[in-house]
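J.: Below is the file target_13.pdb, with PDB, C-alpha atoms.
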```
ATOM      1  CA  MET A 330       3.418 -26.514 -12.974  1.00  0.00           C
ATOM      2  CA  GLU A 331       6.207 -28.980 -12.996  1.00  0.00           C
ATOM      3  CA  ARG A 332       6.326 -31.922 -10.659  1.00  0.00           C
ATOM      4  CA  THR A 333       8.588 -31.905  -7.656  1.00  0.00           C
ATOM      5  CA  ASP A 334       8.871 -34.078  -4.568  1.00  0.00           C
ATOM      6  CA  ASP A 335       6.790 -31.555  -2.621  1.00  0.00           C
ATOM      7  CA  LYS A 336       3.169 -32.656  -3.167  1.00  0.00           C
ATOM      8  CA  ARG A 337       1.872 -29.161  -2.357  1.00  0.00           C
ATOM      9  CA  SER A 338       3.710 -27.699  -5.355  1.00  0.00           C
ATOM     10  CA  LEU A 339       1.771 -29.948  -7.728  1.00  0.00           C
ATOM     11  CA  TYR A 340      -1.100 -27.481  -7.750  1.00  0.00           C
ATOM     12  CA  VAL A 341      -0.494 -24.480  -5.537  1.00  0.00           C
ATOM     13  CA  PRO A 342       2.764 -23.399  -3.907  1.00  0.00           C
ATOM     14  CA  GLU A 343       2.544 -22.466  -0.217  1.00  0.00           C
ATOM     15  CA  ASP A 344       3.549 -18.874  -1.004  1.00  0.00           C
ATOM     16  CA  ASP A 345       0.972 -18.454  -3.808  1.00  0.00           C
ATOM     17  CA  PHE A 346      -0.742 -15.066  -3.407  1.00  0.00           C
ATOM     18  CA  VAL A 347      -4.273 -16.367  -3.951  1.00  0.00           C
ATOM     19  CA  TYR A 348      -3.745 -19.357  -1.644  1.00  0.00           C
ATOM     20  CA  SER A 349      -2.461 -16.991   1.052  1.00  0.00           C
ATOM     21  CA  ALA A 350      -5.505 -14.781   0.446  1.00  0.00           C
ATOM     22  CA  ILE A 351      -7.951 -17.631   1.007  1.00  0.00           C
ATOM     23  CA  LYS A 352      -6.211 -18.563   4.249  1.00  0.00           C
ATOM     24  CA  THR A 353      -6.541 -14.928   5.389  1.00  0.00           C
ATOM     25  CA  ILE A 354     -10.195 -14.725   4.295  1.00  0.00           C
ATOM     26  CA  THR A 355     -10.951 -17.955   6.164  1.00  0.00           C
ATOM     27  CA  ASN A 356      -9.270 -16.641   9.286  1.00  0.00           C
ATOM     28  CA  ILE A 357     -11.159 -13.332   9.227  1.00  0.00           C
ATOM     29  CA  MET A 358     -14.561 -14.608   8.126  1.00  0.00           C
ATOM     30  CA  ASP A 359     -14.844 -17.822  10.163  1.00  0.00           C
ATOM     31  CA  LYS A 360     -12.322 -17.746  12.981  1.00  0.00           C
ATOM     32  CA  LYS A 361     -12.845 -14.085  13.849  1.00  0.00           C
ATOM     33  CA  TYR A 362     -16.581 -14.365  13.067  1.00  0.00           C
ATOM     34  CA  LEU A 363     -16.814 -11.433  10.656  1.00  0.00           C
ATOM     35  CA  ASP A 364     -19.276 -13.341   8.438  1.00  0.00           C
ATOM     36  CA  PRO A 365     -22.046 -13.630  11.066  1.00  0.00           C
ATOM     37  CA  VAL A 366     -21.381 -10.117  12.401  1.00  0.00           C
ATOM     38  CA  VAL A 367     -21.780  -8.515   8.961  1.00  0.00           C
ATOM     39  CA  GLY A 368     -24.861 -10.672   8.356  1.00  0.00           C
ATOM     40  CA  PHE A 369     -26.368  -9.486  11.642  1.00  0.00           C
ATOM     41  CA  PHE A 370     -25.901  -5.774  10.923  1.00  0.00           C
ATOM     42  CA  PHE A 371     -26.773  -5.988   7.216  1.00  0.00           C
ATOM     43  CA  PRO A 372     -29.340  -8.794   6.906  1.00  0.00           C
ATOM     44  CA  ALA A 373     -29.566 -10.435   3.472  1.00  0.00           C
ATOM     45  CA  LEU A 374     -27.384  -7.796   1.860  1.00  0.00           C
ATOM     46  CA  GLY A 375     -24.374  -8.607   4.045  1.00  0.00           C
ATOM     47  CA  ASP A 376     -24.602 -12.345   3.423  1.00  0.00           C
ATOM     48  CA  THR A 377     -24.978 -11.854  -0.300  1.00  0.00           C
ATOM     49  CA  LEU A 378     -22.111  -9.372  -0.578  1.00  0.00           C
ATOM     50  CA  MET A 379     -19.829 -11.468   1.610  1.00  0.00           C
ATOM     51  CA  SER A 380     -20.224 -14.387  -0.794  1.00  0.00           C
ATOM     52  CA  VAL A 381     -18.134 -12.362  -3.283  1.00  0.00           C
ATOM     53  CA  LEU A 382     -15.151 -13.325  -1.131  1.00  0.00           C
ATOM     54  CA  ILE A 383     -15.495 -16.850  -2.503  1.00  0.00           C
ATOM     55  CA  ILE A 384     -13.937 -15.759  -5.814  1.00  0.00           C
ATOM     56  CA  PRO A 385     -10.336 -16.612  -4.779  1.00  0.00           C
ATOM     57  CA  TYR A 386     -11.496 -20.096  -3.706  1.00  0.00           C
ATOM     58  CA  LEU A 387     -13.123 -20.587  -7.095  1.00  0.00           C
ATOM     59  CA  TYR A 388     -10.011 -19.289  -8.858  1.00  0.00           C
ATOM     60  CA  ILE A 389      -7.850 -21.926  -7.138  1.00  0.00           C
ATOM     61  CA  SER A 390     -10.416 -24.644  -7.810  1.00  0.00           C
ATOM     62  CA  VAL A 391     -10.999 -23.810 -11.475  1.00  0.00           C
ATOM     63  CA  PHE A 392      -7.616 -22.584 -12.672  1.00  0.00           C
ATOM     64  CA  LYS A 393      -5.053 -24.189 -10.369  1.00  0.00           C
ATOM     65  CA  ILE A 394      -6.583 -27.500  -9.282  1.00  0.00           C
ATOM     66  CA  LYS A 395      -8.972 -27.807 -12.258  1.00  0.00           C
ATOM     67  CA  SER A 396     -11.597 -29.898 -10.501  1.00  0.00           C
ATOM     68  CA  LEU A 397     -15.266 -29.636 -11.407  1.00  0.00           C
ATOM     69  CA  GLY A 398     -16.309 -31.552  -8.287  1.00  0.00           C
ATOM     70  CA  LEU A 399     -14.314 -29.236  -6.030  1.00  0.00           C
ATOM     71  CA  THR A 400     -15.727 -26.171  -7.767  1.00  0.00           C
ATOM     72  CA  LEU A 401     -19.287 -27.446  -7.308  1.00  0.00           C
ATOM     73  CA  ALA A 402     -18.620 -28.223  -3.627  1.00  0.00           C
ATOM     74  CA  ILE A 403     -17.292 -24.690  -3.034  1.00  0.00           C
ATOM     75  CA  ILE A 404     -20.299 -23.131  -4.766  1.00  0.00           C
ATOM     76  CA  LEU A 405     -22.692 -25.313  -2.762  1.00  0.00           C
ATOM     77  CA  ASN A 406     -21.001 -24.460   0.560  1.00  0.00           C
ATOM     78  CA  THR A 407     -21.294 -20.775  -0.301  1.00  0.00           C
ATOM     79  CA  LEU A 408     -24.965 -21.036  -1.249  1.00  0.00           C
ATOM     80  CA  VAL A 409     -25.722 -22.915   1.975  1.00  0.00           C
ATOM     81  CA  ASP A 410     -23.941 -20.119   3.873  1.00  0.00           C
ATOM     82  CA  VAL A 411     -26.158 -17.555   2.129  1.00  0.00           C
ATOM     83  CA  ILE A 412     -29.291 -19.585   2.920  1.00  0.00           C
ATOM     84  CA  VAL A 413     -28.342 -19.897   6.589  1.00  0.00           C
ATOM     85  CA  GLY A 414     -27.589 -16.180   6.757  1.00  0.00           C
ATOM     86  CA  LEU A 415     -30.984 -15.335   5.251  1.00  0.00           C
ATOM     87  CA  ILE A 416     -32.914 -17.006   8.067  1.00  0.00           C
ATOM     88  CA  PRO A 417     -34.608 -14.009   9.695  1.00  0.00           C
ATOM     89  CA  TYR A 418     -34.600 -12.575  13.217  1.00  0.00           C
ATOM     90  CA  GLY A 419     -30.915 -13.232  13.922  1.00  0.00           C
ATOM     91  CA  ILE A 420     -31.389 -16.997  13.973  1.00  0.00           C
ATOM     92  CA  GLY A 421     -29.432 -17.376  10.738  1.00  0.00           C
ATOM     93  CA  ASP A 422     -26.611 -15.240  12.089  1.00  0.00           C
ATOM     94  CA  ILE A 423     -26.317 -17.441  15.164  1.00  0.00           C
ATOM     95  CA  LEU A 424     -26.323 -20.559  12.972  1.00  0.00           C
ATOM     96  CA  ASP A 425     -23.750 -18.888  10.707  1.00  0.00           C
ATOM     97  CA  ILE A 426     -21.268 -18.995  13.594  1.00  0.00           C
ATOM     98  CA  PHE A 427     -21.360 -22.793  13.388  1.00  0.00           C
ATOM     99  CA  ASN A 428     -21.612 -23.168   9.583  1.00  0.00           C
ATOM    100  CA  ARG A 429     -18.084 -21.907   8.722  1.00  0.00           C
ATOM    101  CA  SER A 430     -18.295 -22.313   4.956  1.00  0.00           C
ATOM    102  CA  TYR A 431     -14.954 -20.613   4.357  1.00  0.00           C
ATOM    103  CA  SER A 432     -13.213 -23.161   6.603  1.00  0.00           C
ATOM    104  CA  LYS A 433     -14.989 -26.030   4.841  1.00  0.00           C
ATOM    105  CA  ASN A 434     -13.873 -24.717   1.466  1.00  0.00           C
ATOM    106  CA  LEU A 435     -10.281 -24.269   2.622  1.00  0.00           C
ATOM    107  CA  ARG A 436     -10.282 -27.828   4.000  1.00  0.00           C
ATOM    108  CA  LEU A 437     -11.502 -29.154   0.650  1.00  0.00           C
ATOM    109  CA  ILE A 438      -8.876 -27.181  -1.267  1.00  0.00           C
ATOM    110  CA  ASP A 439      -6.149 -28.374   1.099  1.00  0.00           C
ATOM    111  CA  GLY A 440      -7.381 -31.940   0.636  1.00  0.00           C
ATOM    112  CA  PHE A 441      -6.989 -31.622  -3.121  1.00  0.00           C
ATOM    113  CA  ILE A 442      -3.611 -29.903  -2.855  1.00  0.00           C
ATOM    114  CA  ARG A 443      -2.316 -32.638  -0.567  1.00  0.00           C
ATOM    115  CA  ARG A 444      -3.967 -35.284  -2.755  1.00  0.00           C
ATOM    116  CA  ASP A 445      -5.874 -36.642   0.222  1.00  0.00           C
ATOM    117  CA  GLU A 446      -7.566 -39.636  -1.418  1.00  0.00           C
ATOM    118  CA  LYS A 447     -10.497 -39.574   0.997  1.00  0.00           C
ATOM    119  CA  VAL A 448     -11.326 -35.913   0.262  1.00  0.00           C
ATOM    120  CA  VAL A 449     -10.760 -36.156  -3.502  1.00  0.00           C
ATOM    121  CA  LYS A 450     -12.763 -39.361  -3.852  1.00  0.00           C
ATOM    122  CA  GLU A 451     -15.644 -38.054  -1.708  1.00  0.00           C
ATOM    123  CA  VAL A 452     -15.894 -34.745  -3.590  1.00  0.00           C
ATOM    124  CA  ASN A 453     -15.654 -36.346  -7.037  1.00  0.00           C
ATOM    125  CA  ARG A 454     -18.170 -39.061  -6.095  1.00  0.00           C
ATOM    126  CA  LYS A 455     -20.722 -36.460  -4.983  1.00  0.00           C
ATOM    127  CA  ALA A 456     -20.194 -33.959  -7.836  1.00  0.00           C
ATOM    128  CA  TRP A 457     -23.542 -34.651  -9.516  1.00  0.00           C
ATOM    129  CA  ILE A 458     -25.319 -34.393  -6.150  1.00  0.00           C
ATOM    130  CA  PHE A 459     -23.647 -31.005  -5.626  1.00  0.00           C
ATOM    131  CA  ALA A 460     -24.949 -29.852  -9.017  1.00  0.00           C
ATOM    132  CA  VAL A 461     -28.537 -30.800  -8.121  1.00  0.00           C
ATOM    133  CA  LEU A 462     -28.237 -29.210  -4.673  1.00  0.00           C
ATOM    134  CA  ILE A 463     -26.878 -26.007  -6.235  1.00  0.00           C
ATOM    135  CA  ALA A 464     -30.031 -25.741  -8.366  1.00  0.00           C
ATOM    136  CA  VAL A 465     -32.233 -26.413  -5.324  1.00  0.00           C
ATOM    137  CA  SER A 466     -30.256 -23.873  -3.279  1.00  0.00           C
ATOM    138  CA  CYS A 467     -30.806 -21.192  -5.909  1.00  0.00           C
ATOM    139  CA  VAL A 468     -34.574 -21.760  -5.725  1.00  0.00           C
ATOM    140  CA  VAL A 469     -34.485 -21.649  -1.919  1.00  0.00           C
ATOM    141  CA  ILE A 470     -32.480 -18.392  -1.998  1.00  0.00           C
ATOM    142  CA  TYR A 471     -35.008 -16.864  -4.398  1.00  0.00           C
ATOM    143  CA  PHE A 472     -37.917 -17.657  -2.075  1.00  0.00           C
ATOM    144  CA  MET A 473     -35.983 -16.566   1.008  1.00  0.00           C
ATOM    145  CA  PHE A 474     -35.288 -13.199  -0.635  1.00  0.00           C
ATOM    146  CA  LYS A 475     -38.996 -12.901  -1.376  1.00  0.00           C
ATOM    147  CA  LEU A 476     -39.746 -13.723   2.278  1.00  0.00           C
ATOM    148  CA  MET A 477     -37.219 -11.154   3.506  1.00  0.00           C
ATOM    149  CA  LEU A 478     -38.653  -8.538   1.165  1.00  0.00           C
ATOM    150  CA  SER A 479     -42.206  -9.233   2.321  1.00  0.00           C
ATOM    151  CA  LEU A 480     -41.124  -9.024   5.980  1.00  0.00           C
ATOM    152  CA  VAL A 481     -39.375  -5.701   5.375  1.00  0.00           C
ATOM    153  CA  MET A 482     -42.294  -4.287   3.378  1.00  0.00           C
ATOM    154  CA  GLY A 483     -44.791  -5.559   5.963  1.00  0.00           C
ATOM    155  CA  GLY A 484     -42.836  -3.830   8.706  1.00  0.00           C
ATOM    156  CA  TYR A 485     -42.634  -0.651   6.643  1.00  0.00           C
ATOM    157  CA  HIS A 486     -46.389  -0.634   5.982  1.00  0.00           C
ATOM    158  CA  PHE A 487     -47.132  -1.330   9.653  1.00  0.00           C
ATOM    159  CA  ILE A 488     -44.966   1.577  10.797  1.00  0.00           C
ATOM    160  CA  ALA A 489     -46.387   3.839   8.083  1.00  0.00           C
ATOM    161  CA  SER A 490     -49.954   2.964   9.143  1.00  0.00           C
ATOM    162  CA  LEU A 491     -49.166   4.111  12.687  1.00  0.00           C
ATOM    163  CA  PHE A 492     -48.518   7.631  11.403  1.00  0.00           C
ATOM    164  CA  ALA A 493     -51.303   7.807   8.821  1.00  0.00           C
TER
END
```
Show me, as C-alpha coordinates, the structure contained in the file I just sent.
T.:
Amino acid sequence: MERTDDKRSLYVPEDDFVYSAIKTITNIMDKKYLDPVVGFFFPALGDTLMSVLIIPYLYISVFKIKSLGLTLAIILNTLVDVIVGLIPYGIGDILDIFNRSYSKNLRLIDGFIRRDEKVVKEVNRKAWIFAVLIAVSCVVIYFMFKLMLSLVMGGYHFIASLFA
(Lines of atoms letter the chains of each structure in order from A and count residues from 1; the text may use other names and numbers.)
(Lines give C-alpha, C1' and ligand atoms only; values in the text may rest on other atoms or scores of the structure.)
Protein backbone atom coordinates (compact mmCIF):
# COMPACT_ATOMS: atom_id res chain seq x y z
CA MET A 1 0.00 0.00 0.00
CA GLU A 2 1.21 3.46 -0.65
CA ARG A 3 1.88 5.92 2.12
CA THR A 4 -0.54 8.70 2.85
CA ASP A 5 -0.95 11.13 5.72
CA ASP A 6 -3.59 8.86 7.26
CA LYS A 7 -1.61 6.45 9.48
CA ARG A 8 -4.42 3.87 9.36
CA SER A 9 -4.02 3.49 5.59
CA LEU A 10 -0.41 2.36 6.03
CA TYR A 11 -1.58 -1.18 6.69
CA VAL A 12 -5.34 -1.54 6.62
CA PRO A 13 -7.91 0.97 5.37
CA GLU A 14 -10.89 1.58 7.67
CA ASP A 15 -13.27 0.19 5.05
CA ASP A 16 -11.23 -3.00 4.46
CA PHE A 17 -13.61 -5.99 4.35
CA VAL A 18 -11.51 -8.22 6.60
CA TYR A 19 -10.88 -5.43 9.12
CA SER A 20 -14.62 -4.76 9.25
CA ALA A 21 -15.19 -8.50 9.71
CA ILE A 22 -12.89 -8.69 12.73
CA LYS A 23 -14.65 -5.73 14.33
CA THR A 24 -17.99 -7.51 13.81
CA ILE A 25 -16.62 -10.83 15.13
CA THR A 26 -15.25 -9.06 18.21
CA ASN A 27 -18.58 -7.37 18.83
CA ILE A 28 -20.57 -10.61 18.54
CA MET A 29 -18.16 -12.95 20.31
CA ASP A 30 -17.01 -10.76 23.22
CA LYS A 31 -19.42 -7.88 23.65
CA LYS A 32 -22.56 -9.92 23.04
CA TYR A 33 -21.02 -12.94 24.83
CA LEU A 34 -21.61 -15.50 22.09
CA ASP A 35 -18.24 -17.17 22.80
CA PRO A 36 -19.07 -18.25 26.37
CA VAL A 37 -22.67 -19.14 25.45
CA VAL A 38 -21.58 -21.48 22.64
CA GLY A 39 -18.91 -22.93 24.94
CA PHE A 40 -21.54 -23.60 27.61
CA PHE A 41 -23.93 -25.45 25.30
CA PHE A 42 -21.23 -27.29 23.34
CA PRO A 43 -18.38 -27.90 25.81
CA ALA A 44 -14.94 -28.39 24.24
CA LEU A 45 -16.36 -28.66 20.75
CA GLY A 46 -17.82 -25.14 20.81
CA ASP A 47 -14.61 -23.55 22.06
CA THR A 48 -12.53 -25.39 19.51
CA LEU A 49 -14.83 -24.58 16.59
CA MET A 50 -15.18 -20.94 17.62
CA SER A 51 -11.40 -20.53 17.40
CA VAL A 52 -11.79 -20.85 13.60
CA LEU A 53 -13.11 -17.28 13.73
CA ILE A 54 -9.55 -16.16 14.44
CA ILE A 55 -8.61 -16.67 10.77
CA PRO A 56 -9.44 -13.07 9.71
CA TYR A 57 -7.29 -11.75 12.58
CA LEU A 58 -4.41 -13.92 11.40
CA TYR A 59 -4.95 -12.81 7.80
CA ILE A 60 -4.57 -9.14 8.81
CA SER A 61 -1.56 -9.92 10.98
CA VAL A 62 0.28 -12.08 8.45
CA PHE A 63 -0.63 -10.52 5.11
CA LYS A 64 -1.47 -6.89 5.85
CA ILE A 65 0.63 -5.95 8.88
CA LYS A 66 3.28 -8.66 8.36
CA SER A 67 4.30 -8.98 11.99
CA LEU A 68 5.50 -12.28 13.43
CA GLY A 69 5.18 -10.99 17.00
CA LEU A 70 1.59 -9.89 16.42
CA THR A 71 0.73 -13.21 14.79
CA LEU A 72 2.18 -15.14 17.74
CA ALA A 73 0.28 -12.94 20.21
CA ILE A 74 -3.01 -13.57 18.38
CA ILE A 75 -2.39 -17.33 18.31
CA LEU A 76 -1.51 -17.33 22.02
CA ASN A 77 -4.63 -15.33 22.96
CA THR A 78 -6.75 -17.81 21.02
CA LEU A 79 -5.13 -20.84 22.64
CA VAL A 80 -5.61 -19.32 26.10
CA ASP A 81 -9.28 -18.76 25.20
CA VAL A 82 -9.58 -22.44 24.24
CA ILE A 83 -7.88 -23.52 27.48
CA VAL A 84 -10.18 -21.35 29.59
CA GLY A 85 -13.21 -22.68 27.72
CA LEU A 86 -12.12 -26.28 28.34
CA ILE A 87 -12.24 -25.91 32.12
CA PRO A 88 -15.11 -28.25 33.01
CA TYR A 89 -18.40 -27.79 34.85
CA GLY A 90 -19.19 -24.35 33.43
CA ILE A 91 -16.33 -22.70 35.30
CA GLY A 92 -14.44 -22.10 32.06
CA ASP A 93 -17.51 -20.58 30.45
CA ILE A 94 -17.89 -18.12 33.31
CA LEU A 95 -14.19 -17.23 33.09
CA ASP A 96 -14.57 -16.91 29.31
CA ILE A 97 -16.88 -13.93 29.88
CA PHE A 98 -13.91 -12.06 31.36
CA ASN A 99 -11.17 -13.37 29.03
CA ARG A 100 -12.35 -11.60 25.83
CA SER A 101 -9.61 -12.85 23.52
CA TYR A 102 -11.24 -11.37 20.42
CA SER A 103 -11.17 -7.90 22.00
CA LYS A 104 -7.53 -8.36 23.02
CA ASN A 105 -6.61 -9.36 19.48
CA LEU A 106 -8.48 -6.41 17.97
CA ARG A 107 -6.72 -4.05 20.40
CA LEU A 108 -3.34 -5.45 19.35
CA ILE A 109 -4.17 -5.13 15.65
CA ASP A 110 -5.40 -1.56 16.17
CA GLY A 111 -2.19 -0.79 18.05
CA PHE A 112 -0.13 -1.95 15.09
CA ILE A 113 -2.33 -0.15 12.56
CA ARG A 114 -2.05 3.09 14.51
CA ARG A 115 1.67 2.46 15.07
CA ASP A 116 1.21 2.73 18.82
CA GLU A 117 4.85 2.44 19.92
CA LYS A 118 3.93 0.97 23.30
CA VAL A 119 1.87 -1.87 21.77
CA VAL A 120 4.31 -2.60 18.93
CA LYS A 121 7.35 -2.57 21.20
CA GLU A 122 5.67 -4.76 23.85
CA VAL A 123 4.47 -7.36 21.32
CA ASN A 124 7.79 -7.51 19.46
CA ARG A 125 9.76 -7.70 22.72
CA LYS A 126 7.71 -10.67 23.92
CA ALA A 127 7.54 -12.57 20.60
CA TRP A 128 9.87 -15.37 21.71
CA ILE A 129 7.95 -15.73 24.98
CA PHE A 130 4.73 -16.05 22.95
CA ALA A 131 6.32 -18.84 20.90
CA VAL A 132 7.26 -20.80 24.03
CA LEU A 133 3.83 -20.22 25.59
CA ILE A 134 2.14 -21.41 22.38
CA ALA A 135 4.00 -24.73 22.66
CA VAL A 136 3.06 -25.02 26.34
CA SER A 137 -0.56 -24.13 25.54
CA CYS A 138 -0.75 -26.89 22.93
CA VAL A 139 0.40 -29.44 25.52
CA VAL A 140 -2.12 -28.12 28.06
CA ILE A 141 -4.93 -28.32 25.47
CA TYR A 142 -3.97 -31.92 24.67
CA PHE A 143 -4.20 -32.95 28.33
CA MET A 144 -7.40 -30.96 28.87
CA PHE A 145 -9.01 -32.78 25.93
CA LYS A 146 -7.93 -36.06 27.49
CA LEU A 147 -9.47 -34.95 30.80
CA MET A 148 -12.71 -33.93 29.09
CA LEU A 149 -12.85 -37.23 27.24
CA SER A 150 -12.27 -39.21 30.43
CA LEU A 151 -14.98 -37.22 32.23
CA VAL A 152 -17.45 -37.84 29.41
CA MET A 153 -16.58 -41.54 29.17
CA GLY A 154 -16.72 -41.91 32.96
CA GLY A 155 -20.17 -40.36 32.98
CA TYR A 156 -21.26 -42.60 30.12
CA HIS A 157 -20.02 -45.75 31.88
CA PHE A 158 -21.66 -44.69 35.15
CA ILE A 159 -25.02 -44.16 33.46
CA ALA A 160 -24.66 -47.39 31.48
CA SER A 161 -23.89 -49.33 34.69
CA LEU A 162 -27.16 -48.10 36.20
CA PHE A 163 -29.09 -49.91 33.47
CA ALA A 164 -26.96 -53.05 33.26
J.: Need the shell around stretch 409-423 of chain A: protein/DNA/RNA residues with any atom at most 8 Å away, counting all atoms listed in the file. Skip same-chain ones fewer than 4 positions apart. Format as a PyMOL selection string?
T.: chain A and resi 365-366+368-369+372-373+376-377+380+405+427-430+466+469-470+473-474+477
J.: Expressed in Å to a single decimal, how great is the separation between atom CA of A:Lys361 and atom CA of A:Gly375?
T.: 16.1 Å
J.: Extract, using all atoms listed in the file, all DNA, RNA and protein residues at most 12 Å from A:Lys433, discarding same-chain residues fewer than 3 positions from it, and format them as a PyMOL selection string.
T.: chain A and resi 351-352+355-356+358-360+383+386+399+402-407+409-410+427-430+436-440+448
J.: Next, the residues of the selection above should be written as a short mmCIF file (atom, residue, chain, number, x, y, z; two decimals), in the coordinates of the input with C-alpha atoms.
T.:
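The new file selection35.cif reads:
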```cif
data_model
loop_
_atom_site.label_atom_id
_atom_site.label_comp_id
_atom_site.auth_asym_id
_atom_site.auth_seq_id
_atom_site.Cartn_x
_atom_site.Cartn_y
_atom_site.Cartn_z
CA ILE A 351 -7.95 -17.63 1.01
CA LYS A 352 -6.21 -18.56 4.25
CA THR A 355 -10.95 -17.95 6.16
CA ASN A 356 -9.27 -16.64 9.29
CA MET A 358 -14.56 -14.61 8.13
CA ASP A 359 -14.84 -17.82 10.16
CA LYS A 360 -12.32 -17.75 12.98
CA ILE A 383 -15.50 -16.85 -2.50
CA TYR A 386 -11.50 -20.10 -3.71
CA LEU A 399 -14.31 -29.24 -6.03
CA ALA A 402 -18.62 -28.22 -3.63
CA ILE A 403 -17.29 -24.69 -3.03
CA ILE A 404 -20.30 -23.13 -4.77
CA LEU A 405 -22.69 -25.31 -2.76
CA ASN A 406 -21.00 -24.46 0.56
CA THR A 407 -21.29 -20.78 -0.30
CA VAL A 409 -25.72 -22.92 1.98
CA ASP A 410 -23.94 -20.12 3.87
CA PHE A 427 -21.36 -22.79 13.39
CA ASN A 428 -21.61 -23.17 9.58
CA ARG A 429 -18.08 -21.91 8.72
CA SER A 430 -18.30 -22.31 4.96
CA ARG A 436 -10.28 -27.83 4.00
CA LEU A 437 -11.50 -29.15 0.65
CA ILE A 438 -8.88 -27.18 -1.27
CA ASP A 439 -6.15 -28.37 1.10
CA GLY A 440 -7.38 -31.94 0.64
CA VAL A 448 -11.33 -35.91 0.26
#
```
J.: Interatomic distance between atom CA of A:Glu446 and atom CA of A:Phe346?
T.: 25.6 Å
J.: So what does the PyMOL selection byres ((chain A and resi 450) around 12) actually pick up in this one, as a list in words?
T.: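 After applying the PyMOL selection byres ((chain A and resi 450) around 12), what remains is Ser396, Gly398, Leu399, Leu437, Gly440, Phe441, Arg444, Asp445, Glu446, Lys447, Val448, Val449, Glu451, Val452, Asn453, Arg454, Lys455 and Ala456 of chain A.
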J.: For stretch 367-396 of chain A, supply N, CA and C atoms and report the output as an mmCIF file, in the coordinates of the input.
T.:
```
data_model
loop_
_atom_site.group_PDB
_atom_site.id
_atom_site.type_symbol
_atom_site.label_atom_id
_atom_site.label_comp_id
_atom_site.auth_asym_id
_atom_site.auth_seq_id
_atom_site.Cartn_x
_atom_site.Cartn_y
_atom_site.Cartn_z
ATOM 1 N N VAL A 367 -21.316 -9.317 10.097
ATOM 2 C CA VAL A 367 -21.780 -8.515 8.961
ATOM 3 C C VAL A 367 -23.212 -8.904 8.606
ATOM 4 N N GLY A 368 -23.505 -10.212 8.637
ATOM 5 C CA GLY A 368 -24.861 -10.672 8.356
ATOM 6 C C GLY A 368 -25.877 -10.152 9.354
ATOM 7 N N PHE A 369 -25.463 -9.992 10.609
ATOM 8 C CA PHE A 369 -26.368 -9.486 11.642
ATOM 9 C C PHE A 369 -26.705 -8.014 11.415
ATOM 10 N N PHE A 370 -25.682 -7.214 11.083
ATOM 11 C CA PHE A 370 -25.901 -5.774 10.923
ATOM 12 C C PHE A 370 -26.464 -5.396 9.562
ATOM 13 N N PHE A 371 -26.251 -6.238 8.564
ATOM 14 C CA PHE A 371 -26.773 -5.988 7.216
ATOM 15 C C PHE A 371 -27.480 -7.244 6.716
ATOM 16 N N PRO A 372 -28.654 -7.555 7.271
ATOM 17 C CA PRO A 372 -29.340 -8.794 6.906
ATOM 18 C C PRO A 372 -29.550 -8.912 5.394
ATOM 19 N N ALA A 373 -29.410 -10.085 4.893
ATOM 20 C CA ALA A 373 -29.566 -10.435 3.472
ATOM 21 C C ALA A 373 -28.480 -9.790 2.615
ATOM 22 N N LEU A 374 -28.378 -8.489 2.672
ATOM 23 C CA LEU A 374 -27.384 -7.796 1.860
ATOM 24 C C LEU A 374 -25.970 -8.194 2.262
ATOM 25 N N GLY A 375 -25.702 -8.245 3.558
ATOM 26 C CA GLY A 375 -24.374 -8.607 4.045
ATOM 27 C C GLY A 375 -23.979 -10.012 3.636
ATOM 28 N N ASP A 376 -24.905 -10.957 3.789
ATOM 29 C CA ASP A 376 -24.602 -12.345 3.423
ATOM 30 C C ASP A 376 -24.358 -12.492 1.930
ATOM 31 N N THR A 377 -25.140 -11.773 1.148
ATOM 32 C CA THR A 377 -24.978 -11.854 -0.300
ATOM 33 C C THR A 377 -23.664 -11.216 -0.735
ATOM 34 N N LEU A 378 -23.357 -10.048 -0.199
ATOM 35 C CA LEU A 378 -22.111 -9.372 -0.578
ATOM 36 C C LEU A 378 -20.878 -10.134 -0.098
ATOM 37 N N MET A 379 -20.980 -10.747 1.079
ATOM 38 C CA MET A 379 -19.829 -11.468 1.610
ATOM 39 C C MET A 379 -19.506 -12.704 0.770
ATOM 40 N N SER A 380 -20.487 -13.222 0.043
ATOM 41 C CA SER A 380 -20.224 -14.387 -0.794
ATOM 42 C C SER A 380 -19.301 -14.052 -1.968
ATOM 43 N N VAL A 381 -19.092 -12.768 -2.250
ATOM 44 C CA VAL A 381 -18.134 -12.362 -3.283
ATOM 45 C C VAL A 381 -16.719 -12.802 -2.898
ATOM 46 N N LEU A 382 -16.485 -12.914 -1.600
ATOM 47 C CA LEU A 382 -15.151 -13.325 -1.131
ATOM 48 C C LEU A 382 -14.820 -14.766 -1.499
ATOM 49 N N ILE A 383 -15.740 -15.469 -2.100
ATOM 50 C CA ILE A 383 -15.495 -16.850 -2.503
ATOM 51 C C ILE A 383 -14.724 -16.910 -3.829
ATOM 52 N N ILE A 384 -14.601 -15.787 -4.505
ATOM 53 C CA ILE A 384 -13.937 -15.759 -5.814
ATOM 54 C C ILE A 384 -12.510 -16.335 -5.773
ATOM 55 N N PRO A 385 -11.675 -15.994 -4.800
ATOM 56 C CA PRO A 385 -10.336 -16.612 -4.779
ATOM 57 C C PRO A 385 -10.380 -18.137 -4.611
ATOM 58 N N TYR A 386 -11.345 -18.648 -3.869
ATOM 59 C CA TYR A 386 -11.496 -20.096 -3.706
ATOM 60 C C TYR A 386 -11.836 -20.733 -5.056
ATOM 61 N N LEU A 387 -12.747 -20.083 -5.776
ATOM 62 C CA LEU A 387 -13.123 -20.587 -7.095
ATOM 63 C C LEU A 387 -11.956 -20.497 -8.081
ATOM 64 N N TYR A 388 -11.177 -19.434 -7.984
ATOM 65 C CA TYR A 388 -10.011 -19.289 -8.858
ATOM 66 C C TYR A 388 -9.054 -20.476 -8.677
ATOM 67 N N ILE A 389 -8.754 -20.796 -7.418
ATOM 68 C CA ILE A 389 -7.850 -21.926 -7.138
ATOM 69 C C ILE A 389 -8.460 -23.225 -7.663
ATOM 70 N N SER A 390 -9.742 -23.413 -7.407
ATOM 71 C CA SER A 390 -10.416 -24.644 -7.810
ATOM 72 C C SER A 390 -10.470 -24.808 -9.328
ATOM 73 N N VAL A 391 -10.816 -23.736 -10.025
ATOM 74 C CA VAL A 391 -10.999 -23.810 -11.475
ATOM 75 C C VAL A 391 -9.674 -23.755 -12.228
ATOM 76 N N PHE A 392 -8.808 -22.819 -11.864
ATOM 77 C CA PHE A 392 -7.616 -22.584 -12.672
ATOM 78 C C PHE A 392 -6.353 -23.277 -12.180
ATOM 79 N N LYS A 393 -6.262 -23.544 -10.899
ATOM 80 C CA LYS A 393 -5.053 -24.189 -10.369
ATOM 81 C C LYS A 393 -5.256 -25.696 -10.212
ATOM 82 N N ILE A 394 -6.333 -26.083 -9.542
ATOM 83 C CA ILE A 394 -6.583 -27.500 -9.282
ATOM 84 C C ILE A 394 -7.345 -28.143 -10.441
ATOM 85 N N LYS A 395 -8.202 -27.363 -11.094
ATOM 86 C CA LYS A 395 -8.972 -27.807 -12.258
ATOM 87 C C LYS A 395 -9.865 -28.999 -11.948
ATOM 88 N N SER A 396 -10.682 -28.830 -10.909
ATOM 89 C CA SER A 396 -11.597 -29.898 -10.501
ATOM 90 C C SER A 396 -13.030 -29.394 -10.514
#
```
